[in-house]
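Enquirer: Below is a structure I'd like to ask you about.
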Amino acid sequence: MVKPTGALSSGGGYTPDDAREIDVSNYRKIWVYAAGLLLVLFIVGCAKPAALPNYDPLRTEVETLYLNYHDLKVVHSDLHAAARRHIEEAGTQLAEIQSAARFMDQANLVAYYQWELLSITEYIRDDARSDFFTLRVRDLADARQKSEDLILAINVYDAFIRDPQVLALIKKGIEHIQKNMAIYDKLVALMMPLSNISEPPAGRSSESI
């Protein structure tokens with residue numbers, strides 16, 4: 001409420017000059033308020049939002065991991081078909097082929113699990129990103145080590161297989177697993193600066209395969 005001045009404040013009659021003075025005072029207050037509001041809106045509008053990290057290189061590697069997962073899945077399917085053929089041929093080397101196929105599938109599941117976790121990277125809250133990347137870096141190191149252990153296990157059974165077609169499929173499968181391992185290394189290098197880890201962690205060897 002505007003405090004009256006002049007004749008109105010001294011108890012005299014209310015004059016047009018008093019009304020004019022009140023109107024001018026109110027008009028100035030409205031303009032001061034409007035100018036202040038416009039200034040605040042201008043400052044907010046000029047403020048730049050926090051820049052998000054460039055996830056393009058990370059996204060590319062994650063997509064490559066997914067494509068390689070599907071390629072290895074095809075190899076695993078072909079290996080199963082070869083195993084069925086050995087059933088029809090009195091089961092020669094069947095157990096070895098099935099074991100190699102099982103370890104190949106385990107390595108591929110490791111890749112799929114990593115892809116599944118990394119595919120949500122861009123939806124992680126800002127305040128949780130460093131913790132997320134820290135967990136992913138450690139998990140990728142474990143995934144790499146487990147993949148290496150599974151290749152060794154595949155090679156154990158590979159030594160007892162004589163079927164050239166099966167051996168070619170196993171070699172192709174191992175190459176895909178090694179591609180996954182190379183992708184894990186690239187992902188770790190990309191995420192290390194975004195994590196709370198200063199040095200690449202050593203993966204944990206699988207206690208059992």
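In the structure tokens, chains take the letters A, B, ... in the order shown, each chain's residues start at 1, and ligands count up from 1 in the order shown.
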Name the residues in contact with Ala182 of chain A at a cut-off of 12 Å, using only C-alpha atoms, excluding same-chain residues fewer than 6 positions from it; report them as a PDB file with N, CA, C and O atoms, in the first residue's frame.
Expert:
ATOM      1  N   GLU A  61      31.647 -48.041 -29.879  1.00  0.00           N
ATOM      2  CA  GLU A  61      32.216 -49.306 -29.391  1.00  0.00           C
ATOM      3  C   GLU A  61      31.126 -50.231 -28.836  1.00  0.00           C
ATOM      4  O   GLU A  61      31.184 -51.450 -29.025  1.00  0.00           O
ATOM      5  N   VAL A  62      30.139 -49.661 -28.177  1.00  0.00           N
ATOM      6  CA  VAL A  62      29.038 -50.469 -27.642  1.00  0.00           C
ATOM      7  C   VAL A  62      28.236 -51.102 -28.778  1.00  0.00           C
ATOM      8  O   VAL A  62      27.845 -52.274 -28.709  1.00  0.00           O
ATOM      9  N   THR A  64      29.422 -51.787 -31.755  1.00  0.00           N
ATOM     10  CA  THR A  64      30.290 -52.814 -32.345  1.00  0.00           C
ATOM     11  C   THR A  64      30.256 -54.091 -31.512  1.00  0.00           C
ATOM     12  O   THR A  64      30.244 -55.201 -32.063  1.00  0.00           O
ATOM     13  N   LEU A  65      30.212 -53.935 -30.201  1.00  0.00           N
ATOM     14  CA  LEU A  65      30.121 -55.097 -29.314  1.00  0.00           C
ATOM     15  C   LEU A  65      28.838 -55.873 -29.570  1.00  0.00           C
ATOM     16  O   LEU A  65      28.838 -57.114 -29.602  1.00  0.00           O
ATOM     17  N   ASN A  68      29.124 -57.768 -32.871  1.00  0.00           N
ATOM     18  CA  ASN A  68      30.020 -58.918 -32.725  1.00  0.00           C
ATOM     19  C   ASN A  68      29.346 -60.040 -31.937  1.00  0.00           C
ATOM     20  O   ASN A  68      29.573 -61.227 -32.208  1.00  0.00           O
ATOM     21  N   ALA A 111      29.653 -60.958 -23.247  1.00  0.00           N
ATOM     22  CA  ALA A 111      29.585 -59.781 -24.117  1.00  0.00           C
ATOM     23  C   ALA A 111      28.190 -59.161 -24.098  1.00  0.00           C
ATOM     24  O   ALA A 111      28.048 -57.933 -24.042  1.00  0.00           O
ATOM     25  N   LEU A 140      34.306 -54.597 -16.834  1.00  0.00           N
ATOM     26  CA  LEU A 140      34.908 -54.898 -18.132  1.00  0.00           C
ATOM     27  C   LEU A 140      36.245 -55.608 -17.977  1.00  0.00           C
ATOM     28  O   LEU A 140      36.592 -56.489 -18.779  1.00  0.00           O
ATOM     29  N   ALA A 141      36.994 -55.232 -16.959  1.00  0.00           N
ATOM     30  CA  ALA A 141      38.264 -55.923 -16.696  1.00  0.00           C
ATOM     31  C   ALA A 141      38.004 -57.388 -16.358  1.00  0.00           C
ATOM     32  O   ALA A 141      38.720 -58.286 -16.823  1.00  0.00           O
ATOM     33  N   ALA A 143      35.333 -59.066 -17.318  1.00  0.00           N
ATOM     34  CA  ALA A 143      34.810 -59.685 -18.541  1.00  0.00           C
ATOM     35  C   ALA A 143      35.954 -60.086 -19.470  1.00  0.00           C
ATOM     36  O   ALA A 143      35.916 -61.156 -20.091  1.00  0.00           O
ATOM     37  N   ARG A 144      36.957 -59.243 -19.554  1.00  0.00           N
ATOM     38  CA  ARG A 144      38.112 -59.566 -20.402  1.00  0.00           C
ATOM     39  C   ARG A 144      38.838 -60.791 -19.885  1.00  0.00           C
ATOM     40  O   ARG A 144      39.212 -61.684 -20.657  1.00  0.00           O
ATOM     41  N   GLN A 145      39.055 -60.833 -18.578  1.00  0.00           N
ATOM     42  CA  GLN A 145      39.766 -61.967 -17.983  1.00  0.00           C
ATOM     43  C   GLN A 145      38.972 -63.256 -18.152  1.00  0.00           C
ATOM     44  O   GLN A 145      39.531 -64.309 -18.479  1.00  0.00           O
ATOM     45  N   SER A 147      36.808 -63.933 -20.488  1.00  0.00           N
ATOM     46  CA  SER A 147      36.852 -64.301 -21.902  1.00  0.00           C
ATOM     47  C   SER A 147      38.164 -64.999 -22.234  1.00  0.00           C
ATOM     48  O   SER A 147      38.186 -65.994 -22.979  1.00  0.00           O
ATOM     49  N   GLU A 148      39.250 -64.507 -21.669  1.00  0.00           N
ATOM     50  CA  GLU A 148      40.555 -65.132 -21.895  1.00  0.00           C
ATOM     51  C   GLU A 148      40.577 -66.545 -21.311  1.00  0.00           C
ATOM     52  O   GLU A 148      41.095 -67.483 -21.942  1.00  0.00           O
ATOM     53  N   GLU A 175      38.253 -65.957 -32.595  1.00  0.00           N
ATOM     54  CA  GLU A 175      38.570 -64.628 -33.145  1.00  0.00           C
ATOM     55  C   GLU A 175      37.519 -63.593 -32.727  1.00  0.00           C
ATOM     56  O   GLU A 175      37.851 -62.441 -32.419  1.00  0.00           O
ATOM     57  N   HIS A 176      36.262 -63.998 -32.707  1.00  0.00           N
ATOM     58  CA  HIS A 176      35.200 -63.078 -32.267  1.00  0.00           C
ATOM     59  C   HIS A 176      35.332 -62.763 -30.775  1.00  0.00           C
ATOM     60  O   HIS A 176      35.096 -61.620 -30.357  1.00  0.00           O
ATOM     61  N   VAL A 188      37.288 -49.482 -21.706  1.00  0.00           N
ATOM     62  CA  VAL A 188      37.954 -49.118 -20.449  1.00  0.00           C
ATOM     63  C   VAL A 188      38.732 -47.813 -20.639  1.00  0.00           C
ATOM     64  O   VAL A 188      38.675 -46.906 -19.794  1.00  0.00           O
ATOM     65  N   ALA A 189      39.450 -47.697 -21.764  1.00  0.00           N
ATOM     66  CA  ALA A 189      40.229 -46.475 -22.030  1.00  0.00           C
ATOM     67  C   ALA A 189      39.325 -45.251 -22.137  1.00  0.00           C
ATOM     68  O   ALA A 189      39.680 -44.154 -21.683  1.00  0.00           O
TER      69      ALA A 189
END
Enquirer: Which segment 59-147 of chain A residues have any atom within 6 Å of an atom of segment 194-201 of chain A, and for each, what is the nearest pair of atoms with distance in Å to one decimal, counting only C-alpha atoms, rows sorted by chain and number, as a Markdown table?
Expert:
| residue | atom | partner | partner_atom | distance |
| --- | --- | --- | --- | --- |
| A:Ser130 | CA | A:Ser195 | CA | 4.6 |
| A:Phe133 | CA | A:Ser195 | CA | 4.9 |
| A:Thr134 | CA | A:Ser195 | CA | 4.6 |
Enquirer: If you measure from atom CA of Ala107 of chain A to atom CA of Leu150 of chain A, what distance in Å do you get, rounded to one decimal?
Expert: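 Atom CA of Ala107 of chain A sits 6.5 Å away from atom CA of Leu150 of chain A.
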Enquirer: So the first atom is atom CA of Met191 of chain A and the second is atom CA of Val75 of chain A; what is the distance between them in Å, to one decimal place?
Expert: 29.9 Å
Enquirer: To one decimal place, how far is atom CA of Asn180 of chain A from atom CA of Asn108 of chain A in Å?
Expert: 8.7 Å
Enquirer: Can you pull out the residues contacting Asp163 of chain A? Cut-off 10 Å, using only C-alpha atoms, and skip same-chain residues under 2 positions away; I want them as a PyMOL selection string.
Expert: chain A and resi 82+86+92-93+97+158+160-161+165-168
Enquirer: Using C-alpha atoms, can you export the residues from the last selection as a CSV table (one decimal), in the first residue's frame?
Expert:
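Below is the file result.csv, written as the result:
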chain,number,residue,atom,x,y,z
A,82,ALA,CA,28.1,-79.7,-36.6
A,86,HIS,CA,28.4,-86.1,-35.3
A,92,THR,CA,32.6,-89.2,-32.8
A,93,GLN,CA,34.1,-86.2,-30.9
A,97,ILE,CA,32.5,-80.2,-29.8
A,158,ASP,CA,40.0,-78.1,-29.6
A,160,PHE,CA,40.9,-83.5,-29.4
A,161,ILE,CA,38.8,-82.5,-32.4
A,165,GLN,CA,34.8,-77.8,-40.4
A,166,VAL,CA,34.4,-77.8,-36.6
A,167,LEU,CA,38.0,-76.6,-36.2
A,168,ALA,CA,37.4,-73.7,-38.6
Enquirer: With distances taken over only C-alpha atoms, which of A:Met192, A:Ala95, A:Ile170, A:Leu135 is nearest to Ser77 of chain A?
Expert: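 For Ser77 of chain A, the nearest of the given residues is A:Ile170.
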Enquirer: Show which residues sit within 10 Å of Phe103 of chain A, as a compact mmCIF listing (two decimals) with C-alpha atoms, in the first residue's frame. Count only C-alpha atoms, and ignore same-chain residues fewer than 2 positions away.
Expert:
# COMPACT_ATOMS: atom_id res chain seq x y z
CA HIS A 76 27.79 -70.93 -32.06
CA GLN A 98 29.61 -79.66 -27.31
CA SER A 99 32.02 -78.50 -24.61
CA ALA A 100 33.74 -76.07 -26.97
CA ALA A 101 30.33 -74.74 -28.04
CA ASP A 105 28.32 -69.43 -25.66
CA GLN A 106 29.45 -68.40 -22.16
CA ALA A 107 31.92 -65.92 -23.65
CA ASN A 108 29.15 -64.51 -25.82
CA LEU A 109 26.83 -64.13 -22.83
CA SER A 147 36.85 -64.30 -21.90
CA ASP A 149 39.94 -68.04 -19.51
CA LEU A 150 37.13 -69.34 -21.74
CA ILE A 151 39.41 -69.27 -24.80
CA LEU A 152 41.90 -71.42 -22.90
CA ALA A 153 39.09 -73.84 -22.02
CA ILE A 154 37.96 -74.01 -25.66
CA ILE A 209 34.29 -72.33 -15.89
Enquirer: Given only C-alpha atoms as the basis, pick out the residue of A:Arg59, A:Leu79, A:Tyr112, A:Leu94 nearest to Ile177 of chain A.
Expert: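 Selected residue with least distance to Ile177 of chain A: A:Tyr112.
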